[in-house]
$ cat coords.cif   # mmCIF, C-alpha atoms
data_entry
#
loop_
_atom_site.label_atom_id
_atom_site.label_comp_id
_atom_site.auth_asym_id
_atom_site.auth_seq_id
_atom_site.Cartn_x
_atom_site.Cartn_y
_atom_site.Cartn_z
CA MET A 17 106.18 95.82 114.96
CA ILE A 18 104.52 97.18 111.83
CA SER A 19 102.09 95.04 109.82
CA VAL A 20 101.14 95.59 106.19
CA GLN A 21 97.64 94.71 105.13
CA ASN A 22 94.92 95.46 102.63
CA HIS A 23 93.08 98.61 103.70
CA LEU A 24 89.35 98.33 103.12
CA LEU A 25 87.32 101.49 103.25
CA PRO A 26 84.15 101.21 105.35
CA LEU A 27 80.79 101.42 103.67
CA SER A 28 78.97 104.66 104.28
CA GLY A 29 75.31 105.33 104.65
CA ASN A 30 75.39 106.77 101.15
CA LYS A 31 76.32 103.39 99.71
CA TYR A 32 73.29 101.98 101.46
CA LEU A 33 71.20 104.68 99.77
CA ALA A 34 72.74 103.68 96.45
CA LEU A 35 71.55 100.14 97.05
CA ILE A 36 68.02 101.36 97.64
CA PHE A 37 68.19 103.53 94.51
CA ILE A 38 69.31 100.64 92.32
CA GLY A 39 66.73 98.37 93.91
CA LEU A 40 63.97 100.83 93.01
CA CYS A 41 65.22 101.58 89.49
CA MET A 42 66.11 98.13 88.25
CA SER A 43 64.12 94.90 88.37
CA ALA A 44 65.77 91.51 88.54
CA CYS A 45 65.01 90.66 84.91
CA SER A 46 64.63 94.01 83.20
CA PRO A 47 67.56 96.13 82.07
CA LYS A 48 68.35 99.61 83.21
CA VAL A 49 69.04 101.25 79.87
CA GLN A 50 71.15 104.35 79.82
CA THR A 51 72.10 106.25 76.69
CA ILE A 52 75.15 108.37 77.29
CA LYS A 53 75.43 111.10 74.69
CA LYS A 54 78.09 113.54 73.67
CA ALA A 55 78.90 115.99 76.41
CA THR A 56 78.64 119.73 75.99
CA PRO A 57 81.99 121.57 75.85
CA SER A 58 81.69 122.56 79.50
CA GLU A 59 81.21 118.92 80.46
CA GLU A 60 84.16 117.55 78.51
CA LYS A 61 86.66 115.57 80.56
CA LYS A 62 90.40 116.13 80.62
CA GLU A 63 91.26 112.52 79.82
CA GLU A 64 92.79 111.94 76.39
CA VAL A 65 90.34 110.04 74.20
CA ILE A 66 90.45 108.79 70.65
CA LYS A 67 88.18 110.43 68.07
CA PRO A 68 84.98 108.46 67.49
CA SER A 69 84.59 106.00 64.65
CA LYS A 70 81.98 106.71 62.00
CA LYS A 71 81.06 103.01 62.03
CA PHE A 72 78.91 103.45 65.15
CA SER A 73 76.31 106.09 65.70
CA GLU A 74 75.66 104.41 69.04
CA ALA A 75 77.62 101.55 70.62
CA THR A 76 75.70 99.11 72.81
CA ILE A 77 77.32 97.53 75.86
CA SER A 78 75.52 95.02 78.09
CA LEU A 79 76.75 94.86 81.67
CA LEU A 80 75.99 91.67 83.64
CA LEU A 81 76.65 92.13 87.35
CA PRO A 82 75.46 90.23 90.46
CA PHE A 83 73.45 92.98 92.14
CA ASN A 84 71.30 90.17 93.62
CA LEU A 85 68.27 92.41 93.87
CA ASN A 86 66.10 89.33 94.33
CA ASP A 87 67.78 89.00 97.73
CA PHE A 88 67.93 92.71 98.50
CA LYS A 89 66.68 93.85 101.90
CA THR A 90 65.51 97.44 102.29
CA ARG A 91 66.82 97.35 105.86
CA PRO A 92 69.96 95.21 105.99
CA LYS A 93 70.65 93.76 109.42
CA ASN A 94 74.41 94.10 109.24
CA LYS A 95 77.38 95.27 107.21
CA ALA A 96 77.81 91.87 105.57
CA GLU A 97 74.35 92.08 104.01
CA VAL A 98 75.25 95.44 102.47
CA GLU A 99 78.72 94.38 101.31
CA LYS A 100 77.47 91.42 99.28
CA HIS A 101 75.82 93.96 96.96
CA ALA A 102 78.66 96.49 97.11
CA MET A 103 81.01 94.88 94.58
CA ALA A 104 78.51 95.18 91.74
CA ILE A 105 77.60 98.74 92.67
CA ASP A 106 81.24 99.87 92.89
CA PHE A 107 82.06 98.26 89.55
CA TYR A 108 79.01 99.77 87.85
CA GLN A 109 79.69 103.27 89.15
CA GLY A 110 83.34 103.19 88.09
CA PHE A 111 82.27 101.83 84.71
CA LYS A 112 79.71 104.61 84.30
CA LEU A 113 82.30 107.33 84.98
CA ALA A 114 84.52 105.79 82.31
CA ILE A 115 81.76 105.77 79.70
CA ASP A 116 80.96 109.39 80.55
CA SER A 117 84.60 110.28 79.90
CA VAL A 118 84.79 108.60 76.50
CA ALA A 119 81.35 109.86 75.46
CA SER A 120 82.73 113.38 75.69
CA ALA A 121 84.66 112.64 72.48
CA GLY A 122 81.43 112.36 70.52
CA LEU A 123 80.25 108.71 70.48
CA ASN A 124 76.90 107.81 72.01
CA PHE A 125 76.71 104.72 74.18
CA LYS A 126 73.72 102.63 75.13
CA ILE A 127 74.44 100.81 78.39
CA ASN A 128 72.14 97.93 79.29
CA VAL A 129 72.59 97.00 82.94
CA PHE A 130 71.32 93.58 84.03
CA ASP A 131 71.23 91.82 87.38
CA SER A 132 72.80 88.42 86.68
CA GLN A 133 71.97 87.28 90.24
CA ASP A 134 74.96 84.91 89.97
CA ASP A 135 72.42 82.41 88.62
CA ASP A 136 72.48 80.60 85.26
CA ARG A 137 68.67 80.57 85.22
CA GLN A 138 68.67 84.35 85.17
CA LEU A 139 71.13 84.34 82.27
CA GLU A 140 68.86 81.90 80.44
CA VAL A 141 65.92 84.31 80.85
CA LEU A 142 67.98 87.22 79.52
CA ILE A 143 69.15 85.22 76.50
CA LYS A 144 65.74 83.73 75.66
CA ASN A 145 64.10 87.15 75.87
CA ASP A 146 66.74 88.65 73.53
CA LYS A 147 67.87 91.12 76.17
CA LEU A 148 71.47 90.86 74.97
CA LYS A 149 70.54 91.19 71.29
CA GLY A 150 72.38 93.95 69.48
CA SER A 151 75.21 94.15 72.02
CA ASN A 152 78.55 95.19 70.57
CA LEU A 153 80.18 94.04 73.81
CA VAL A 154 79.06 92.10 76.87
CA VAL A 155 80.90 92.75 80.16
CA GLY A 156 80.34 89.90 82.61
CA PRO A 157 79.19 87.68 84.15
CA VAL A 158 81.86 88.03 86.80
CA PHE A 159 81.99 84.41 88.05
CA PRO A 160 83.31 81.38 86.12
CA ASP A 161 80.03 79.42 86.06
CA GLY A 162 78.22 82.31 84.43
CA LEU A 163 81.00 82.76 81.89
CA LYS A 164 80.74 79.08 80.99
CA TYR A 165 76.98 79.37 80.60
CA ILE A 166 77.18 82.34 78.24
CA THR A 167 79.88 80.76 76.05
CA ASN A 168 77.44 79.18 73.57
CA TYR A 169 75.57 82.45 73.16
CA SER A 170 78.81 84.32 72.60
CA GLN A 171 80.03 81.87 69.96
CA GLN A 172 76.73 81.52 68.12
CA ASN A 173 76.20 85.27 67.91
CA GLN A 174 79.87 86.29 67.62
CA VAL A 175 79.53 88.61 70.61
CA PRO A 176 82.74 89.46 72.51
CA VAL A 177 82.45 88.79 76.25
CA VAL A 178 84.72 90.45 78.81
CA SER A 179 85.60 88.38 81.87
CA PRO A 180 86.21 91.29 84.27
CA LEU A 181 87.10 89.60 87.55
CA ALA A 182 87.61 85.83 87.20
CA ALA A 183 91.22 84.59 87.42
CA SER A 184 90.32 81.31 85.73
CA GLN A 185 92.34 79.72 82.96
CA PRO A 186 90.84 80.79 79.60
CA SER A 187 91.05 77.13 78.54
CA GLU A 188 88.19 76.42 80.98
CA PHE A 189 85.78 78.25 78.67
CA GLY A 190 87.00 77.47 75.15
CA ASN A 191 85.57 80.73 73.82
CA PRO A 192 87.56 82.54 71.10
CA ASN A 193 85.41 85.63 71.79
CA LEU A 194 86.37 85.77 75.48
CA ILE A 195 88.45 88.72 76.71
CA SER A 196 90.17 87.77 79.98
CA ILE A 197 91.19 90.76 82.12
CA VAL A 198 92.58 89.07 85.23
CA ASN A 199 95.86 87.22 84.80
CA ASN A 200 95.62 83.48 85.28
CA ILE A 201 97.96 81.84 87.76
CA GLY A 202 100.16 80.40 85.01
CA LEU A 203 101.10 83.93 83.98
CA HIS A 204 102.01 84.76 87.59
CA ALA A 205 104.31 81.72 87.72
CA ALA A 206 105.95 82.64 84.42
CA LYS A 207 106.52 86.21 85.61
CA ILE A 208 108.28 84.95 88.74
CA GLY A 209 110.29 82.39 86.79
CA ASP A 210 111.43 84.87 84.14
CA TYR A 211 112.51 87.40 86.77
CA ILE A 212 114.47 84.85 88.81
CA THR A 213 116.11 83.52 85.65
CA LYS A 214 117.27 86.98 84.61
CA LYS A 215 118.33 88.21 88.06
CA TYR A 216 120.28 85.34 89.65
CA VAL A 217 123.55 83.67 88.67
CA PRO A 218 123.20 79.86 88.39
CA ALA A 219 126.57 79.06 89.98
CA GLN A 220 125.70 81.07 93.08
CA THR A 221 121.97 80.31 93.39
CA VAL A 222 119.61 77.55 94.42
CA VAL A 223 115.92 77.98 93.59
CA VAL A 224 113.64 76.34 96.14
CA LEU A 225 109.90 75.67 95.84
CA VAL A 226 108.08 75.27 99.15
CA SER A 227 104.70 73.63 98.61
CA SER A 228 102.72 71.49 101.01
CA LYS A 229 101.23 69.79 97.92
CA SER A 230 97.75 70.69 99.11
CA PRO A 231 95.33 71.50 96.25
CA ASP A 232 95.43 75.20 97.15
CA ASP A 233 99.22 75.35 97.28
CA GLU A 234 99.49 73.46 94.00
CA VAL A 235 97.50 76.07 92.08
CA LEU A 236 100.68 78.18 92.02
CA GLY A 237 103.11 75.43 92.97
CA SER A 238 102.43 73.29 89.89
CA PRO A 239 103.23 75.95 87.25
CA LEU A 240 106.28 77.10 89.24
CA ARG A 241 107.57 73.51 89.36
CA ASP A 242 106.89 73.07 85.65
CA TYR A 243 108.78 76.28 84.84
CA PHE A 244 111.98 75.30 86.64
CA LEU A 245 111.90 71.66 85.58
CA ASN A 246 111.09 72.26 81.91
CA LYS A 247 111.73 75.90 80.99
CA ASN A 248 114.83 76.60 83.06
CA GLU A 249 117.12 77.57 80.16
CA ARG A 250 119.90 78.93 82.39
CA LYS A 251 119.88 75.70 84.40
CA LEU A 252 119.41 77.29 87.80
CA PRO A 253 119.66 74.51 90.44
CA PHE A 254 116.16 73.60 91.65
CA GLN A 255 115.02 71.93 94.87
CA GLU A 256 111.61 71.35 96.43
CA TYR A 257 110.45 70.86 100.02
CA ALA A 258 107.10 70.47 101.74
CA SER A 259 108.18 72.98 104.37
CA VAL A 260 111.16 75.19 105.26
CA PHE A 261 111.69 73.06 108.36
CA THR A 262 112.72 70.20 106.06
CA MET A 263 114.67 72.58 103.86
CA GLU A 264 116.76 73.80 106.82
CA THR A 265 118.34 70.37 107.32
CA ARG A 266 119.59 70.17 103.72
CA ILE A 267 120.98 73.59 102.83
CA SER A 268 124.39 75.12 103.37
CA LYS A 269 125.89 78.57 103.68
CA GLY A 270 127.65 80.23 100.77
CA LYS A 271 124.72 80.00 98.33
CA LYS A 272 121.83 82.37 97.59
CA TYR A 273 118.57 80.52 98.28
CA VAL A 274 115.65 81.89 96.28
CA VAL A 275 112.57 80.54 98.05
CA MET A 276 109.24 80.46 96.22
CA LEU A 277 106.38 79.97 98.67
CA SER A 278 103.25 78.89 96.79
CA SER A 279 100.84 79.08 99.72
CA ALA A 280 98.28 81.73 100.66
CA ASP A 281 97.31 79.99 103.91
CA GLN A 282 98.06 82.67 106.49
CA LYS A 283 99.03 80.34 109.33
CA PHE A 284 101.39 78.35 107.13
CA VAL A 285 102.84 81.47 105.54
CA THR A 286 103.36 83.22 108.88
CA ALA A 287 105.17 80.20 110.36
CA THR A 288 107.29 79.88 107.20
CA ILE A 289 108.31 83.55 107.21
CA HIS A 290 109.29 83.41 110.88
CA LYS A 291 111.42 80.33 110.23
CA LEU A 292 113.10 81.93 107.22
CA ILE A 293 113.95 85.00 109.34
CA ARG A 294 115.61 82.76 111.92
CA MET A 295 117.53 80.97 109.17
CA LYS A 296 118.69 84.28 107.74
CA ALA A 297 119.80 85.43 111.20
CA ALA A 298 121.82 82.21 111.41
CA GLY A 299 123.77 83.19 108.30
CA PHE A 300 121.80 81.76 105.38
CA ASP A 301 121.31 84.06 102.38
CA ILE A 302 117.60 83.98 101.47
CA ASP A 303 115.30 85.90 99.12
CA LEU A 304 111.56 85.19 99.14
CA PHE A 305 108.94 85.15 96.38
CA GLY A 306 105.33 84.91 97.52
CA HIS A 307 101.77 84.32 96.41
CA PRO A 308 99.81 87.16 94.72
CA ASP A 309 97.10 86.88 97.39
CA TRP A 310 99.56 88.21 99.97
CA VAL A 311 98.74 91.73 98.80
CA LYS A 312 95.39 91.33 100.58
CA GLN A 313 96.80 89.63 103.67
CA SER A 314 98.61 90.88 106.74
CA TYR A 315 102.20 89.91 107.56
CA THR A 316 104.99 91.61 109.50
CA ILE A 317 106.48 94.02 107.01
CA GLU A 318 109.96 94.13 108.64
CA ASN A 319 110.26 90.40 108.04
CA LEU A 320 109.11 90.69 104.45
CA GLN A 321 111.62 93.46 103.83
CA ASP A 322 114.46 91.53 105.47
CA LEU A 323 113.74 88.66 103.08
CA ASN A 324 113.65 90.99 100.04
CA THR A 325 110.16 89.65 99.38
CA VAL A 326 108.67 90.00 95.91
CA ILE A 327 105.12 89.16 94.80
CA THR A 328 103.29 89.39 91.50
CA SER A 329 100.16 91.47 91.04
CA SER A 330 97.87 92.40 88.18
CA TYR A 331 96.91 95.68 89.80
CA LYS A 332 98.13 98.51 91.99
CA VAL A 333 96.67 101.95 92.61
CA ASN A 334 99.11 104.84 92.91
CA TYR A 335 97.21 107.26 95.12
CA ASN A 336 99.72 110.03 94.34
CA SER A 337 98.97 109.86 90.64
CA PRO A 338 97.15 112.94 89.26
CA ALA A 339 94.82 110.66 87.29
CA VAL A 340 93.88 108.72 90.43
CA ILE A 341 93.40 111.90 92.45
CA SER A 342 91.14 113.26 89.70
CA PHE A 343 89.13 110.03 89.60
CA ILE A 344 88.61 110.01 93.38
CA LYS A 345 87.35 113.61 93.28
CA LYS A 346 84.92 112.82 90.47
CA TYR A 347 83.72 109.65 92.19
CA ARG A 348 83.12 111.49 95.46
CA LYS A 349 81.24 114.24 93.64
CA ALA A 350 79.07 111.81 91.70
CA PHE A 351 78.33 109.27 94.43
CA ASP A 352 79.17 110.92 97.78
CA PHE A 353 81.52 108.18 99.00
CA GLU A 354 84.96 106.70 98.39
CA PRO A 355 85.71 104.44 95.41
CA GLY A 356 86.56 100.87 96.33
CA GLU A 357 88.76 98.38 94.50
CA TYR A 358 85.99 97.39 92.09
CA ALA A 359 85.27 101.01 91.15
CA TYR A 360 88.84 101.27 89.80
CA LYS A 361 88.44 97.97 87.96
CA GLY A 362 85.14 99.12 86.47
CA PHE A 363 86.64 102.42 85.32
CA ASP A 364 89.67 100.86 83.64
CA ILE A 365 87.60 98.24 81.81
CA GLY A 366 84.94 100.74 80.77
CA PHE A 367 87.43 103.36 79.62
CA TYR A 368 89.60 100.98 77.62
CA PHE A 369 86.79 99.23 75.75
CA ALA A 370 84.78 102.38 75.16
CA LYS A 371 87.87 103.89 73.55
CA GLN A 372 88.27 100.83 71.33
CA LEU A 373 84.62 100.97 70.25
CA SER A 374 84.98 104.67 69.61
CA ALA A 375 88.17 104.37 67.57
CA TYR A 376 87.55 101.22 65.54
CA GLY A 377 83.82 100.51 65.50
CA GLU A 378 82.91 96.94 64.61
CA ASN A 379 86.58 96.09 63.99
CA TYR A 380 87.74 96.90 67.51
CA LEU A 381 88.66 93.30 68.34
CA LYS A 382 91.32 93.32 65.64
CA HIS A 383 93.16 96.08 67.49
CA LEU A 384 93.15 94.68 71.04
CA SER A 385 96.52 92.99 70.65
CA SER A 386 98.19 96.23 69.55
CA GLU A 387 96.42 98.67 71.89
CA LYS A 388 98.13 98.67 75.29
CA TYR A 389 96.59 100.52 78.21
CA LYS A 390 97.97 101.79 81.51
CA GLY A 391 95.04 102.60 83.73
CA LEU A 392 94.30 103.72 87.27
CA HIS A 393 94.40 100.18 88.58
CA ASN A 394 95.25 97.75 85.76
CA THR A 395 97.51 97.54 82.74
CA PHE A 396 96.24 95.73 79.65
CA THR A 397 98.42 93.97 77.09
CA PHE A 398 96.33 91.42 75.21
CA GLN A 399 97.55 88.38 73.33
CA GLN A 400 95.13 86.58 71.06
CA ASP A 401 94.64 82.83 71.14
CA ASP A 402 92.52 81.30 68.37
CA LYS A 403 90.83 78.93 70.82
CA PHE A 404 90.71 80.85 74.07
CA GLY A 405 90.29 84.48 73.06
CA TYR A 406 92.18 87.55 74.21
CA ILE A 407 94.34 87.19 77.33
CA ASN A 408 95.74 90.06 79.35
CA THR A 409 99.42 89.31 79.95
CA SER A 410 100.41 92.47 81.85
CA LEU A 411 101.71 91.74 85.32
CA MET A 412 103.68 93.70 87.90
CA LEU A 413 106.35 92.62 90.32
CA LEU A 414 106.01 94.33 93.71
CA LYS A 415 108.74 94.42 96.35
CA TYR A 416 108.38 95.23 100.05
CA LYS A 417 110.64 98.20 100.69
CA GLY A 418 110.33 101.37 102.77
CA PHE A 419 107.29 99.90 104.54
CA ALA A 420 105.35 99.79 101.28
CA LEU A 421 104.89 97.69 98.16
CA ASN A 422 106.85 99.19 95.27
CA ILE A 423 106.74 98.30 91.60
CA ILE A 424 110.10 96.90 90.46
CA GLU A 425 108.98 95.62 87.06
#

$ encode --input "coords.cif" --output "structure tokens"
Amino acid sequence: MISVQNHLLPLSGNKYLALIFIGLCMSACSPKVQTIKKATPSEEKKEEVIKPSKKFSEATISLLLPFNLNDFKTRPKNKAEVEKHAMAIDFYQGFKLAIDSVASAGLNFKINVFDSQDDDRQLEVLIKNDKLKGSNLVVGPVFPDGLKYITNYSQQNQVPVVSPLAASQPSEFGNPNLISIVNNIGLHAAKIGDYITKKYVPAQTVVVLVSSKSPDDEVLGSPLRDYFLNKNERKLPFQEYASVFTMETRISKGKKYVVMLSSADQKFVTATIHKLIRMKAAGFDIDLFGHPDWVKQSYTIENLQDLNTVITSSYKVNYNSPAVISFIKKYRKAFDFEPGEYAYKGFDIGFYFAKQLSAYGENYLKHLSSEKYKGLHNTFTFQQDDKFGYINTSLMLLKYKGFALNIIE
């Protein structure tokens, strides 16, 4: 049996050294200020960049990340103590490489790096001491509570704030200056619904939602249910069950059953997949659509392939891509260890927004909705909402085939 799972690269001793370096260079309340200037011709990067805008002689970006230096230990006892700092470091280092790349086109950047400590009190100190004053863009905080706290500051000062990692609904913040990178779960449900609606013939298909109705299952289950009850223009037949064991007693052969499993609980999902495989072996025609969190979980890939399983995802790294290979080489050279998931996220966010600042100066927000971006890890297609800001609507559909996850849309 072959299992597919998320492959996490181990932390090296060099990442531990990076923690010490950041701990020595940056206090919990004071910024690490870095001005990145135009590169010399020999330092210019190969990436295509837009010519700089004359509206900025220097663009200021404030980066709020939970380094948690107040809780930093010079001699961590275990890997877990190191890893709780690693996300912020990976993101920062990827972000820095991106700014270096865009700076080679001629625009100077002032990067203010702050330790948010994942604490609203720390954000209050930064705001009261005018540490964010003059920012053309704020990236972070990364968690929803921090984003809620900074909303008033963002609105009062008309400062755009990038939500880099939170998958929350933009309506939770009510900030027209918020730029949401991670797709909310409603977009995932709509992507699945639209694909099923286009692909399957109503007369031959039954769409089935399997949700235990637990709060966790309902995060995806509720928008999927809403889609097929209220937005099902092709009138695909729709059924719902709490489990596939109940479903088995009420279905018949001769129909294509498109099963949407809204759970990310591994025990429940594993049992459900095994049951669906037995049902398929008994002659039932079944396709499976799963939860986006499955990309980080481990299930038997033969079973997923047999069920033609499809999941949504907002990101995927193609390690055969020349751009990705180039990034990995540069990251290794700069930091002496492998880039993690958050390094790719940091690079894509840094590169995209630095290019916008470079091209359009103070008017860069007006161009977000028309400037699409296909990065190393993410794709950005922003739609503007007058109440909730700029929402990234780009999503991928991934299918298990050939013992790998492949992009199908």

$ atom_distance --input "coords.cif" --atom1 "atom CA of Ile267 of chain A" --atom2 "atom CA of Ala205 of chain A"
23.9 Å

$ resolve_selection --input "coords.cif" --expression "the PyMOL selection byres ((chain A and resi 334) around 12)" --output "ChimeraX atom specification"
/A:331-333,335-341,343-344,360,390-394,420-423

$ resolve_selection --input "coords.cif" --expression "the PyMOL selection byres ((chain A and resi 169-171) around 9)" --output "PyMOL selection string"
chain A and resi 143+154+165-168+172-177+191-194

$ write_last_selection --input "coords.cif" --atoms "C-alpha atoms" --output "short mmCIF file (atom, residue, chain, number, x, y, z; two decimals), keeping the file's coordinate frame"
data_model
loop_
_atom_site.label_atom_id
_atom_site.label_comp_id
_atom_site.auth_asym_id
_atom_site.auth_seq_id
_atom_site.Cartn_x
_atom_site.Cartn_y
_atom_site.Cartn_z
CA ILE A 143 69.15 85.22 76.50
CA VAL A 154 79.06 92.10 76.87
CA TYR A 165 76.98 79.37 80.60
CA ILE A 166 77.18 82.34 78.24
CA THR A 167 79.88 80.76 76.05
CA ASN A 168 77.44 79.18 73.57
CA GLN A 172 76.73 81.52 68.12
CA ASN A 173 76.20 85.27 67.91
CA GLN A 174 79.87 86.29 67.62
CA VAL A 175 79.53 88.61 70.61
CA PRO A 176 82.74 89.46 72.51
CA VAL A 177 82.45 88.79 76.25
CA ASN A 191 85.57 80.73 73.82
CA PRO A 192 87.56 82.54 71.10
CA ASN A 193 85.41 85.63 71.79
CA LEU A 194 86.37 85.77 75.48
#

$ resolve_selection --input "coords.cif" --expression "the PyMOL selection byres ((chain A and resi 198) around 8)" --output "PyMOL selection string"
chain A and resi 179-183+196-197+199-200+330+408

$ residues_near_point --input "coords.cif" --point "(100.7, 74.5, 93.8)" --cutoff "10 Å" --atoms "all atoms listed in the file" --output "list of chain:residue names"
A:Ile201, A:Leu225, A:Val226, A:Ser227, A:Ser228, A:Lys229, A:Ser230, A:Pro231, A:Asp232, A:Asp233, A:Glu234, A:Val235, A:Leu236, A:Gly237, A:Ser238, A:Pro239, A:Leu240, A:Arg241, A:Leu277, A:Ser278, A:Ser279

$ closest_residue --input "coords.cif" --among "A:Tyr389, A:Ile208, A:Val224, A:Tyr376" --to "Asp364 of chain A" --atoms "only C-alpha atoms"
A:Tyr389

$ axis_aligned_box --input "coords.cif" --around "segment 153-172 of chain A" --padding-each-side "8 Å" --output "JSON"
{"center_x": 79.4, "center_y": 86.6, "center_z": 78.1, "size_x": 23.7, "size_y": 31.0, "size_z": 35.9}

$ closest_residue --input "coords.cif" --among "A:Leu123, A:Leu81, A:Val223, A:Ile105" --to "Gln372 of chain A" --atoms "only C-alpha atoms"
A:Leu123
